[in-house]
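Structure below is coords29.txt: compact mmCIF, C-alpha atoms.
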```
# COMPACT_ATOMS: atom_id res chain seq x y z
CA MET L 1406 -44.19 51.01 130.66
CA MET L 1407 -40.80 51.38 132.30
CA TYR L 1408 -40.92 55.13 131.88
CA SER L 1409 -44.29 55.29 133.56
CA LEU L 1410 -42.99 53.09 136.33
CA ALA L 1411 -40.11 55.45 136.84
CA LEU L 1412 -42.48 58.39 136.98
CA ALA L 1413 -44.91 56.74 139.34
CA SER L 1414 -45.19 58.76 142.49
CA ALA L 1415 -44.07 56.92 145.57
CA GLY L 1416 -47.32 57.24 147.45
CA ALA L 1417 -49.65 55.90 144.79
CA ALA L 1418 -50.53 52.19 144.70
CA ALA L 1419 -46.99 50.87 144.77
CA GLN L 1420 -47.95 47.36 143.64
CA ASP L 1421 -49.84 48.51 140.54
CA THR L 1422 -48.27 49.96 137.45
CA VAL L 1423 -49.10 53.62 137.29
CA PHE L 1424 -49.25 55.24 133.88
CA SER L 1425 -48.58 58.90 133.56
CA ALA L 1426 -49.34 61.56 131.02
CA THR L 1427 -47.97 65.03 130.47
CA VAL L 1428 -50.19 67.72 129.02
CA VAL L 1429 -48.77 69.18 125.79
CA GLU L 1430 -51.89 70.97 124.55
CA PRO L 1431 -52.53 74.41 126.04
CA TYR L 1432 -55.01 72.96 128.55
CA LEU L 1433 -56.91 69.81 129.51
CA ASP L 1434 -60.43 69.72 130.98
CA MET L 1435 -61.09 67.57 134.03
CA ARG L 1436 -64.72 66.71 134.86
CA THR L 1437 -66.26 65.64 138.12
CA GLN L 1438 -67.66 62.36 136.71
CA PRO L 1439 -67.30 60.30 133.52
CA GLY L 1440 -69.78 61.95 131.17
CA ARG L 1441 -69.87 64.86 128.77
CA GLY L 1442 -72.56 66.65 130.76
CA TYR L 1443 -70.65 66.82 134.03
CA PRO L 1444 -69.06 70.12 134.95
CA VAL L 1445 -65.41 70.93 134.31
CA PHE L 1446 -64.02 71.69 137.76
CA TYR L 1447 -60.31 71.84 137.01
CA VAL L 1448 -58.20 72.73 134.01
CA ALA L 1449 -54.76 71.13 133.79
CA GLU L 1450 -52.07 73.32 132.24
CA ARG L 1451 -49.46 72.49 129.65
CA GLY L 1452 -46.59 70.59 131.26
CA GLU L 1453 -48.69 69.24 134.10
CA HIS L 1454 -48.18 65.57 134.96
CA LEU L 1455 -51.21 63.34 135.45
CA GLU L 1456 -51.48 59.78 136.70
CA LEU L 1457 -53.92 57.62 134.72
CA LEU L 1458 -55.88 55.66 137.29
CA ARG L 1459 -58.67 53.78 135.53
CA GLN L 1460 -60.85 53.89 132.46
CA ARG L 1461 -64.62 53.60 132.24
CA THR L 1462 -66.07 53.60 128.72
CA ASP L 1463 -64.50 56.64 127.00
CA TRP L 1464 -63.37 58.37 130.18
CA ILE L 1465 -60.14 58.12 132.13
CA LYS L 1466 -59.81 58.98 135.79
CA VAL L 1467 -56.66 61.00 136.43
CA ARG L 1468 -54.87 62.48 139.43
CA ASN L 1469 -52.47 65.38 139.29
CA ALA L 1470 -49.44 66.07 141.50
CA ARG L 1471 -51.57 67.91 144.04
CA GLY L 1472 -53.92 64.94 144.40
CA ILE L 1473 -56.84 66.44 142.48
CA GLU L 1474 -58.81 63.66 140.79
CA GLY L 1475 -61.13 64.03 137.84
CA TRP L 1476 -62.27 62.44 134.59
CA VAL L 1477 -60.80 63.26 131.18
CA HIS L 1478 -62.10 62.12 127.81
CA VAL L 1479 -59.93 59.45 126.19
CA ASP L 1480 -59.51 61.57 123.02
CA ASP L 1481 -57.97 64.34 125.15
CA ILE L 1482 -55.61 61.88 126.86
CA GLY L 1483 -54.66 60.81 123.32
CA LYS L 1484 -53.12 64.27 122.88
CA THR L 1485 -50.81 63.90 125.86
CA VAL L 1486 -47.35 62.31 126.00
CA ASP L 1487 -45.74 59.83 128.35
CA GLY L 1488 -42.42 60.23 130.20
CA SER L 1489 -40.36 59.50 127.07
CA GLY L 1490 -42.26 62.05 125.00
CA ALA L 1491 -44.21 59.42 123.08
CA THR L 1492 -47.82 60.29 122.27
CA LEU L 1493 -50.32 58.12 124.15
CA ALA L 1494 -52.12 56.05 121.53
CA LEU L 1495 -55.53 56.31 123.14
CA LYS L 1496 -58.75 57.24 121.42
CA GLY L 1497 -62.42 56.47 121.55
CA PRO L 1498 -63.93 53.95 119.15
CA ASP L 1499 -64.87 55.38 115.77
CA PHE L 1500 -65.56 54.22 112.23
CA ASP L 1501 -61.89 53.33 111.78
CA SER L 1502 -62.03 50.98 114.75
CA PHE L 1503 -65.22 49.49 113.26
CA THR L 1504 -63.29 48.45 110.14
CA ARG L 1505 -60.49 46.96 112.26
CA ARG L 1506 -62.64 45.29 114.94
CA ASN L 1507 -61.58 41.93 116.37
CA TRP L 1508 -64.60 40.92 118.42
CA GLU L 1509 -68.28 41.50 118.01
CA PHE L 1510 -71.09 40.68 120.42
CA GLY L 1511 -74.79 41.26 120.02
CA PHE L 1512 -78.28 39.99 120.31
CA MET L 1513 -81.01 39.66 117.74
CA VAL L 1514 -84.74 39.12 117.60
CA GLY L 1515 -86.81 38.06 114.64
CA ASP L 1516 -88.88 35.50 112.92
CA TYR L 1517 -87.96 31.81 112.57
CA ASP L 1518 -90.50 29.89 110.53
CA SER L 1519 -93.28 32.36 111.55
CA THR L 1520 -92.39 32.10 115.25
CA ASP L 1521 -90.68 34.60 117.55
CA THR L 1522 -86.97 34.02 117.89
CA LEU L 1523 -84.25 35.44 120.07
CA GLY L 1524 -80.51 34.94 119.92
CA ALA L 1525 -77.14 36.14 121.13
CA TYR L 1526 -73.85 35.74 119.28
CA LEU L 1527 -70.14 36.28 119.61
CA GLY L 1528 -67.94 36.76 116.58
CA TRP L 1529 -64.19 36.80 116.17
CA HIS L 1530 -62.67 38.48 113.11
CA PHE L 1531 -59.49 36.68 112.21
CA THR L 1532 -59.01 38.73 109.04
CA ARG L 1533 -60.71 41.95 107.98
CA ASN L 1534 -63.01 39.94 105.74
CA LEU L 1535 -63.53 36.68 107.58
CA SER L 1536 -64.95 35.91 110.96
CA VAL L 1537 -66.26 32.95 112.90
CA GLU L 1538 -69.43 33.29 114.93
CA LEU L 1539 -71.07 31.25 117.61
CA GLU L 1540 -74.77 31.86 118.16
CA ALA L 1541 -77.25 30.53 120.68
CA SER L 1542 -80.90 31.09 119.90
CA GLU L 1543 -84.32 30.11 121.07
CA ASN L 1544 -87.64 30.25 119.24
CA PHE L 1545 -91.17 30.07 120.58
CA GLY L 1546 -93.86 28.52 118.40
CA ASP L 1547 -97.51 27.66 118.96
CA TYR L 1548 -96.70 23.96 118.79
CA SER L 1549 -93.08 23.72 119.86
CA ASP L 1550 -90.13 25.62 121.29
CA GLY L 1551 -86.65 25.19 119.95
CA ARG L 1552 -83.14 25.89 121.04
CA MET L 1553 -80.27 26.03 118.65
CA ILE L 1554 -76.51 26.48 118.76
CA THR L 1555 -74.80 27.25 115.47
CA ALA L 1556 -71.25 28.01 114.38
CA SER L 1557 -70.79 30.02 111.20
CA LEU L 1558 -68.13 31.36 108.93
CA VAL L 1559 -68.95 34.91 107.90
CA HIS L 1560 -67.45 36.75 104.96
CA GLN L 1561 -67.80 40.49 104.52
CA MET L 1562 -66.83 41.67 101.09
CA PHE L 1563 -66.32 45.34 101.88
CA PRO L 1564 -65.04 45.76 105.44
CA GLN L 1565 -64.36 49.45 104.80
CA TRP L 1566 -68.03 50.26 104.08
CA ARG L 1567 -70.32 51.71 106.70
CA TYR L 1568 -73.11 49.53 105.26
CA SER L 1569 -71.20 46.29 105.11
CA PRO L 1570 -72.92 43.27 103.52
CA PHE L 1571 -71.92 39.74 104.45
CA LEU L 1572 -72.50 36.11 103.53
CA THR L 1573 -72.61 33.33 106.06
CA ILE L 1574 -72.51 29.55 106.07
CA GLY L 1575 -72.67 27.28 109.07
CA GLY L 1576 -74.05 24.37 110.96
CA GLY L 1577 -75.28 23.43 114.36
CA VAL L 1578 -77.57 21.51 116.61
CA ARG L 1579 -81.26 22.12 117.24
CA GLN L 1580 -83.39 20.82 120.06
CA THR L 1581 -87.17 20.91 119.63
CA ASN L 1582 -89.59 20.63 122.54
CA PRO L 1583 -93.32 20.27 121.76
CA ARG L 1584 -95.54 22.48 123.92
CA SER L 1585 -96.98 21.08 127.12
CA THR L 1586 -100.57 21.94 126.10
CA LEU L 1587 -100.31 19.46 123.23
CA VAL L 1588 -100.48 15.71 123.41
CA SER L 1589 -97.13 14.66 124.76
CA THR L 1590 -94.52 13.99 122.09
CA GLN L 1591 -90.82 13.41 122.44
CA ASP L 1592 -88.22 16.16 122.47
CA ARG L 1593 -85.84 15.70 119.61
CA THR L 1594 -82.36 16.85 118.68
CA ASP L 1595 -81.33 17.36 115.06
CA ASN L 1596 -78.36 18.70 113.17
CA THR L 1597 -78.78 21.80 111.06
CA ALA L 1598 -76.99 23.44 108.16
CA ASP L 1599 -77.53 27.02 107.10
CA VAL L 1600 -76.62 29.65 104.56
CA GLY L 1601 -77.46 33.31 104.80
CA ALA L 1602 -76.74 36.91 103.98
CA GLY L 1603 -77.01 40.13 105.86
CA LEU L 1604 -75.91 43.65 106.47
CA ARG L 1605 -74.00 45.31 109.29
CA ILE L 1606 -74.47 49.05 109.70
CA HIS L 1607 -72.08 51.07 111.84
CA LEU L 1608 -74.34 53.31 113.92
CA THR L 1609 -72.08 55.28 116.21
CA ARG L 1610 -68.85 54.69 118.09
CA ARG L 1611 -68.96 51.05 119.27
CA LEU L 1612 -72.51 50.20 118.17
CA LEU L 1613 -73.69 48.52 115.03
CA LEU L 1614 -77.03 47.38 113.68
CA ARG L 1615 -77.27 43.94 112.12
CA LEU L 1616 -79.88 42.58 109.72
CA GLN L 1617 -79.72 39.03 108.49
CA TYR L 1618 -81.54 36.31 106.63
CA LYS L 1619 -80.70 32.64 107.06
CA TYR L 1620 -82.00 29.55 105.34
CA TYR L 1621 -81.83 26.47 107.56
CA VAL L 1622 -82.10 22.82 106.76
CA VAL L 1623 -82.98 20.82 109.87
CA MET L 1624 -81.97 17.22 109.27
CA THR L 1625 -84.75 15.31 111.01
CA ASP L 1626 -85.23 11.56 111.40
CA ARG L 1627 -88.44 11.78 109.37
CA ASP L 1628 -88.69 11.31 105.61
CA ASP L 1629 -88.41 15.02 104.87
CA ASP L 1630 -85.94 17.54 106.22
CA GLU L 1631 -87.37 20.79 107.52
CA GLU L 1632 -86.53 23.88 105.50
CA VAL L 1633 -86.82 27.08 107.47
CA ASN L 1634 -86.45 30.78 106.69
CA GLU L 1635 -85.23 33.07 109.43
CA TRP L 1636 -85.14 36.88 109.47
CA LYS L 1637 -83.46 38.75 112.29
CA ILE L 1638 -82.59 42.26 113.39
CA GLY L 1639 -80.16 42.95 116.17
CA ILE L 1640 -77.88 45.36 117.89
CA SER L 1641 -74.22 44.61 118.45
CA ALA L 1642 -71.12 46.17 119.84
CA PHE L 1643 -67.54 45.56 118.78
CA PHE L 1644 -64.33 45.66 120.72
CA MET M 713 18.50 64.26 87.68
CA GLU M 714 16.30 62.01 85.67
CA ASN M 715 15.45 60.17 88.83
CA ARG M 716 14.38 63.41 90.49
CA HIS M 717 12.14 64.33 87.54
CA LYS M 718 10.62 60.88 87.66
CA ARG M 719 9.96 61.22 91.38
CA VAL M 720 8.27 64.61 90.92
CA PHE M 721 6.03 63.30 88.14
CA LEU M 722 5.22 60.20 90.11
CA ALA M 723 4.38 62.22 93.17
CA ALA M 724 2.18 64.54 91.08
CA ALA M 725 0.45 61.56 89.47
CA VAL M 726 -0.22 59.88 92.82
CA CYS M 727 -1.50 63.12 94.31
CA SER M 728 -3.91 63.75 91.45
CA ALA M 729 -5.08 60.13 91.54
CA LEU M 730 -5.81 60.42 95.25
CA THR M 731 -7.45 63.82 95.19
CA ALA M 732 -9.64 63.25 92.13
CA PRO M 733 -12.15 60.90 93.84
CA ILE M 734 -12.10 63.08 96.94
CA HIS M 735 -13.14 66.04 94.84
CA ALA M 736 -15.90 63.96 93.27
CA GLU M 737 -17.08 62.89 96.73
CA GLU M 738 -17.21 66.47 97.92
CA GLN M 739 -19.24 67.43 94.89
CA ARG M 740 -21.71 64.60 95.44
CA GLU M 741 -22.10 65.54 99.09
CA SER M 742 -22.86 69.11 98.21
CA TRP M 743 -25.85 67.91 96.16
CA GLN M 744 -27.33 66.18 99.18
CA ILE M 745 -29.60 68.92 100.50
CA LEU M 746 -32.28 66.83 102.24
CA ASP M 747 -31.55 65.19 105.55
CA PRO M 748 -33.14 61.71 105.48
CA GLY M 749 -32.99 61.31 109.26
CA ILE M 750 -36.70 62.05 109.90
CA GLU M 751 -37.56 61.50 113.53
CA ARG M 752 -40.10 58.73 114.04
CA GLN M 753 -43.16 59.64 116.04
CA GLU M 754 -43.38 57.34 119.02
CA PHE M 755 -46.67 56.07 120.41
CA SER M 756 -47.23 54.22 123.62
CA SER M 757 -50.40 52.31 124.52
CA PRO M 758 -50.75 52.14 128.28
CA ALA M 759 -52.89 49.23 129.45
CA ILE M 760 -55.05 51.20 131.84
CA ASN M 761 -57.32 49.22 134.10
CA ARG M 762 -60.80 49.30 132.51
CA ASP M 763 -64.05 48.71 134.29
CA ASP M 764 -66.75 48.52 131.66
CA PHE M 765 -68.45 45.42 133.06
CA GLU M 766 -70.65 45.01 136.08
CA ILE M 767 -72.13 41.92 137.64
CA GLY M 768 -74.07 41.28 140.79
CA PRO M 769 -77.03 39.67 142.50
CA TYR M 770 -80.42 41.24 143.01
CA ILE M 771 -83.55 40.55 144.97
CA GLY M 772 -87.08 41.79 144.53
CA MET M 773 -90.75 41.08 144.10
CA LEU M 774 -92.38 39.66 140.99
CA SER M 775 -96.09 40.12 140.54
CA ILE M 776 -97.22 37.32 138.22
CA GLN M 777 -100.49 38.00 136.44
CA ASP M 778 -103.34 35.81 137.76
CA PHE M 779 -101.03 34.62 140.53
CA ASN M 780 -99.62 36.27 143.64
CA SER M 781 -96.50 38.37 144.13
CA ASP M 782 -93.48 36.47 145.31
CA VAL M 783 -89.81 36.92 146.03
CA LEU M 784 -87.51 37.07 143.03
CA TYR M 785 -83.77 36.33 143.01
CA GLY M 786 -81.43 36.87 140.15
CA MET M 787 -78.09 37.77 138.70
CA ARG M 788 -77.53 40.77 136.52
CA ALA M 789 -74.55 41.55 134.30
CA ALA M 790 -73.95 44.56 132.12
CA TRP M 791 -71.41 45.76 129.62
CA HIS M 792 -71.10 49.52 129.27
CA ILE M 793 -70.47 50.24 125.61
CA ASN M 794 -70.15 53.96 126.15
CA GLU M 795 -71.43 56.52 128.60
CA ASP M 796 -74.91 56.37 127.04
CA PHE M 797 -75.61 52.72 126.26
CA PHE M 798 -75.13 49.35 127.87
CA PHE M 799 -75.98 45.75 127.15
CA GLU M 800 -77.50 43.89 130.03
CA GLY M 801 -78.31 40.26 130.71
CA ASN M 802 -80.46 38.93 133.53
CA TYR M 803 -81.18 35.52 134.89
CA GLY M 804 -83.71 35.16 137.66
CA SER M 805 -86.24 32.94 139.27
CA SER M 806 -89.36 33.15 141.37
CA GLN M 807 -92.21 30.85 142.21
CA ALA M 808 -95.95 31.30 141.75
CA ASP M 809 -98.39 30.37 144.49
CA LEU M 810 -102.02 29.28 143.94
CA THR M 811 -104.22 31.33 141.65
CA SER M 812 -107.18 33.12 143.23
CA TYR M 813 -109.48 30.56 141.63
CA GLU M 814 -107.56 27.65 143.17
CA LYS M 815 -107.73 29.28 146.59
CA LEU M 816 -111.46 30.05 146.42
CA SER M 817 -112.64 26.81 144.83
CA GLY M 818 -110.64 24.67 147.22
CA GLY M 819 -110.37 21.99 144.53
CA ALA M 820 -107.35 20.19 143.18
CA PRO M 821 -104.54 22.56 142.10
CA LEU M 822 -104.34 23.25 138.37
CA PHE M 823 -100.56 23.00 138.15
CA ASP M 824 -97.77 20.95 139.64
CA ASP M 825 -95.38 22.65 142.03
CA SER M 826 -92.54 22.26 139.52
CA GLU M 827 -94.63 24.04 136.88
CA ARG M 828 -95.04 26.99 139.23
CA ASP M 829 -91.31 27.73 139.08
CA TYR M 830 -90.88 30.93 137.16
CA THR M 831 -87.41 31.25 135.67
CA PHE M 832 -86.34 33.68 133.03
CA TYR M 833 -83.42 35.16 131.18
CA ASP M 834 -83.33 38.27 129.06
CA LEU M 835 -80.99 40.47 127.06
CA ASN M 836 -81.56 44.18 127.03
CA LEU M 837 -80.21 47.40 125.69
CA GLY M 838 -80.04 50.13 128.29
CA TRP M 839 -79.90 53.86 127.79
CA ASN M 840 -78.55 56.14 130.52
CA ALA M 841 -81.12 58.83 129.82
CA LEU M 842 -80.54 61.05 132.83
CA PRO M 843 -77.00 60.98 134.20
CA GLY M 844 -76.60 62.81 137.46
CA GLU M 845 -74.79 63.22 140.70
CA ILE M 846 -75.96 62.59 144.26
CA PHE M 847 -74.54 64.63 147.10
CA ILE M 848 -74.36 63.32 150.64
CA LEU M 849 -73.74 66.33 152.86
CA ASP M 850 -70.63 67.97 151.50
CA VAL M 851 -68.56 64.82 151.84
CA TYR M 852 -69.56 62.58 148.96
CA ALA M 853 -70.55 63.20 145.36
CA LEU M 854 -71.76 59.95 143.83
CA LYS M 855 -72.40 59.37 140.16
CA SER M 856 -75.93 58.27 139.34
CA ASP M 857 -77.89 57.32 136.24
CA PHE M 858 -81.57 57.05 135.55
CA TYR M 859 -81.89 54.60 132.69
CA PHE M 860 -84.40 52.87 130.47
CA VAL M 861 -84.05 49.28 129.34
CA GLY M 862 -85.76 47.32 126.61
CA GLY M 863 -85.15 43.87 125.30
CA ALA M 864 -86.31 40.33 124.93
CA GLY M 865 -85.94 37.06 126.70
CA SER M 866 -87.40 33.73 127.55
CA THR M 867 -89.65 32.80 130.45
CA ASP M 868 -90.05 29.23 131.60
CA PHE M 869 -93.38 29.02 133.41
CA LEU M 870 -96.23 26.51 133.70
CA GLY M 871 -94.23 23.95 131.76
CA ASP M 872 -93.57 26.08 128.68
CA ASN M 873 -91.13 28.66 127.39
CA PHE M 874 -92.52 32.01 126.36
CA PHE M 875 -90.98 34.74 124.25
CA THR M 876 -90.89 37.69 126.62
CA LEU M 877 -90.52 41.39 125.97
CA ILE M 878 -88.89 43.48 128.67
CA VAL M 879 -89.44 47.18 129.24
CA GLY M 880 -88.34 48.99 132.31
CA ALA M 881 -86.52 51.79 134.02
CA GLY M 882 -83.98 51.90 136.76
CA PHE M 883 -81.65 53.96 138.85
CA ARG M 884 -77.99 53.25 139.49
CA MET M 885 -75.78 54.93 142.07
CA LEU M 886 -72.04 54.35 142.21
CA LEU M 887 -71.00 54.05 145.83
CA ASN M 888 -67.32 54.13 144.89
CA ASP M 889 -65.31 53.35 141.77
CA TRP M 890 -66.36 49.72 141.67
CA ILE M 891 -69.60 49.15 143.62
CA SER M 892 -72.98 50.30 142.38
CA TRP M 893 -76.42 50.08 143.88
CA ARG M 894 -79.40 49.65 141.58
CA PHE M 895 -83.17 49.90 141.76
CA ASP M 896 -85.24 48.54 138.92
CA VAL M 897 -88.82 48.33 137.71
CA ARG M 898 -89.44 45.96 134.83
CA ASP M 899 -92.44 44.65 132.98
CA HIS M 900 -92.11 41.10 131.62
CA ILE M 901 -94.69 40.88 128.84
CA PHE M 902 -95.56 37.57 127.22
CA ASP M 903 -98.47 35.75 125.61
CA ARG M 904 -99.57 32.77 127.65
CA ASP M 905 -101.95 30.03 126.61
CA ALA M 906 -101.90 28.07 129.87
CA PHE M 907 -105.58 28.80 130.60
CA GLY M 908 -106.79 27.75 127.16
CA ASN M 909 -106.95 30.95 125.19
CA ASN M 910 -103.91 33.02 124.35
CA GLU M 911 -103.64 36.16 126.48
CA THR M 912 -101.00 38.81 126.96
CA THR M 913 -99.73 38.96 130.52
CA ASN M 914 -97.84 41.73 132.30
CA ASN M 915 -95.59 40.60 135.11
CA ILE M 916 -94.12 43.46 137.07
CA GLU M 917 -90.75 43.17 138.76
CA LEU M 918 -89.52 45.50 141.49
CA SER M 919 -85.94 44.80 142.46
CA THR M 920 -82.78 46.13 143.96
CA GLY M 921 -79.22 44.85 143.93
CA VAL M 922 -75.58 45.66 144.06
CA THR M 923 -73.21 45.18 141.17
CA PHE M 924 -69.45 45.16 141.05
CA LEU M 925 -67.62 46.88 138.24
CA PHE M 926 -64.55 45.26 136.76
```
Could you express the structure from this file as structure tokens?
Amino acid sequence: MMYSLALASAGAAAQDTVFSATVVEPYLDMRTQPGRGYPVFYVAERGEHLELLRQRTDWIKVRNARGIEGWVHVDDIGKTVDGSGATLALKGPDFDSFTRRNWEFGFMVGDYDSTDTLGAYLGWHFTRNLSVELEASENFGDYSDGRMITASLVHQMFPQWRYSPFLTIGGGVRQTNPRSTLVSTQDRTDNTADVGAGLRIHLTRRLLLRLQYKYYVVMTDRDDDEEVNEWKIGISAFF
Amino acid sequence: MENRHKRVFLAAAVCSALTAPIHAEEQRESWQILDPGIERQEFSSPAINRDDFEIGPYIGMLSIQDFNSDVLYGMRAAWHINEDFFFEGNYGSSQADLTSYEKLSGGAPLFDDSERDYTFYDLNLGWNALPGEIFILDVYALKSDFYFVGGAGSTDFLGDNFFTLIVGAGFRMLLNDWISWRFDVRDHIFDRDAFGNNETTNNIELSTGVTFLF
């Protein structure tokens, strides 16, 4: 960081840290906008210094010494060096980053006890095998709607597999609201416990597909607990 | 004389004792062909300012099936996963007026005012299908995207929550590096049983808004 600071040109945003890169490959393509379809309008030569201004998805906005600004793919910036000659450790997300992901966010739709269900979750991987997940979901039945918040511990046995199976166990709280078209009954709140299994499939770059089954026990005040099967499919991204 | 002989022998003995290990050392050094001082490859990870998220308010019209069209307000947030796909969440609200039947019959209204509040949230996956560039004279070149969205959500209307499917398309124009202007058309599709029998309703949203990237 100090090297980049030292290299920062005087005119550019003095209060912000400016990172710089030097081209070591024969050339570096600069595009007009962040996207692979946009035209290359400038080609930086070997030895040229670039300021790294900002990053949007897999593209980095750069400015050269003559003030020409353009967008360079992060994998290409990963082939440049900083002021001390150290390679910039920048690259786009790939399968390797999938196996080493820390956070995962996604949403899922499916079937909860023969009703439509919808949920969003956030997961934190504290080891390569284990993660904790927090999920909020809502289901819409003919007789009642429900909202549920669950926390789960998720274990994936083979984090290095593209098709990665997992087991999950958790608990939470469920609120059930009978539909307004029915004779009025009370809303109720119950605790739940669940076990489940599923599969994560790395699709491309940062995206993964998630399939899961969960078996819930809703601990009601009545004589019998409710036992519910839930199937879900969802799309998630990791970071 | 004897002393001198002794001194010579002693000197010779000391010399040989000192030189012997030196010779051995030299020999050992000569075997060392490989230089273990391999240079470590250095990596640096600059923390470049990222702006993959956008959030902002929007305003529009919502045409509620069997009801009128009314103003819609909402908040929209998106996370750009890569240049092609983004996750998007919306929260919005509108209010339905009287149905045509209620207006014509002149009788008592079928629903309370509070039941006419239409609030919804949804989560969508967006696909930047047609990325482009907009030119204003020869001064500005603004990035644009024509995108499709699809997802699911929940609609709270007429006293119940309904599972809602969202399909739509939109257009986003980046005014600078961190402000974008969006136009959207969405269909909120859900099955509603408020009038007795279950029917599928299409509720069309037309909206525009600004979002801020960060």
* Do a neighbour search on M:Asp782 at 10 Å with only C-alpha atoms, toss out local chain neighbours closer than 5 positions, and write the hits as a list of chain:residue names. =>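 Within the cut-off, the hits are M:Gly772, M:Met773, M:Leu774, M:Ser775, M:Ile776, M:Ser806, M:Gln807, M:Ala808, M:Asp809, M:Glu917.
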* Grab the atom CA of L:Ile1482 to atom CA of M:Ile846 distance for me, in Å with one decimal place. => 26.8 Å
* To do: Write out as a ChimeraX atom specification every residue belonging to chain M that has an atom at most 10 Å from any atom of chain L, counting only C-alpha atoms.
  => /M:752-765,791-799,834-837,842-845,853-856,863-866,870-876,889,905-908,910,925-926
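Counting from atom CA of L:Leu1572, the distance to atom CA of L:Asp1629 is 26.5 Å.
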Once 5 Å is added on each side, what centre and edge lengths in Å to one decimal does the axis-aligned box around all listed atoms of stretch 871-890 of chain M have, as lines of an AutoDock Vina configuration file?
```
center_x = -79.8
center_y = 39.4
center_z = 135.0
size_x = 38.9
size_y = 41.0
size_z = 31.6
```
* To one decimal place, how far is atom CA of L:Phe1503 from atom CA of L:Ala1602 in Å? ->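 According to the coordinates, atom CA of L:Phe1503 and atom CA of L:Ala1602 are separated by 19.4 Å.
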Got a sec to check which residues sit within 8 Å of (-81.1, 37.0, 131.4), counting all atoms listed in the file, and write them as an mmCIF file with C-alpha atoms, keeping the file's coordinate frame?
```cif
data_model
loop_
_atom_site.group_PDB
_atom_site.id
_atom_site.type_symbol
_atom_site.label_atom_id
_atom_site.label_comp_id
_atom_site.auth_asym_id
_atom_site.auth_seq_id
_atom_site.Cartn_x
_atom_site.Cartn_y
_atom_site.Cartn_z
ATOM 1 C CA MET M 787 -78.090 37.770 138.700
ATOM 2 C CA ARG M 788 -77.530 40.770 136.520
ATOM 3 C CA GLU M 800 -77.500 43.890 130.030
ATOM 4 C CA GLY M 801 -78.310 40.260 130.710
ATOM 5 C CA ASN M 802 -80.460 38.930 133.530
ATOM 6 C CA TYR M 803 -81.180 35.520 134.890
ATOM 7 C CA GLY M 804 -83.710 35.160 137.660
ATOM 8 C CA PHE M 832 -86.340 33.680 133.030
ATOM 9 C CA TYR M 833 -83.420 35.160 131.180
ATOM 10 C CA ASP M 834 -83.330 38.270 129.060
ATOM 11 C CA LEU M 835 -80.990 40.470 127.060
ATOM 12 C CA GLY M 865 -85.940 37.060 126.700
#
```
* To do: Show which residues sit within 7 Å of L:Val1467, as JSON, numbers by chain. Count all atoms listed in the file, and ignore same-chain residues fewer than 5 positions away.
  => {"L": [1455, 1456, 1457, 1458, 1474, 1475, 1476]}
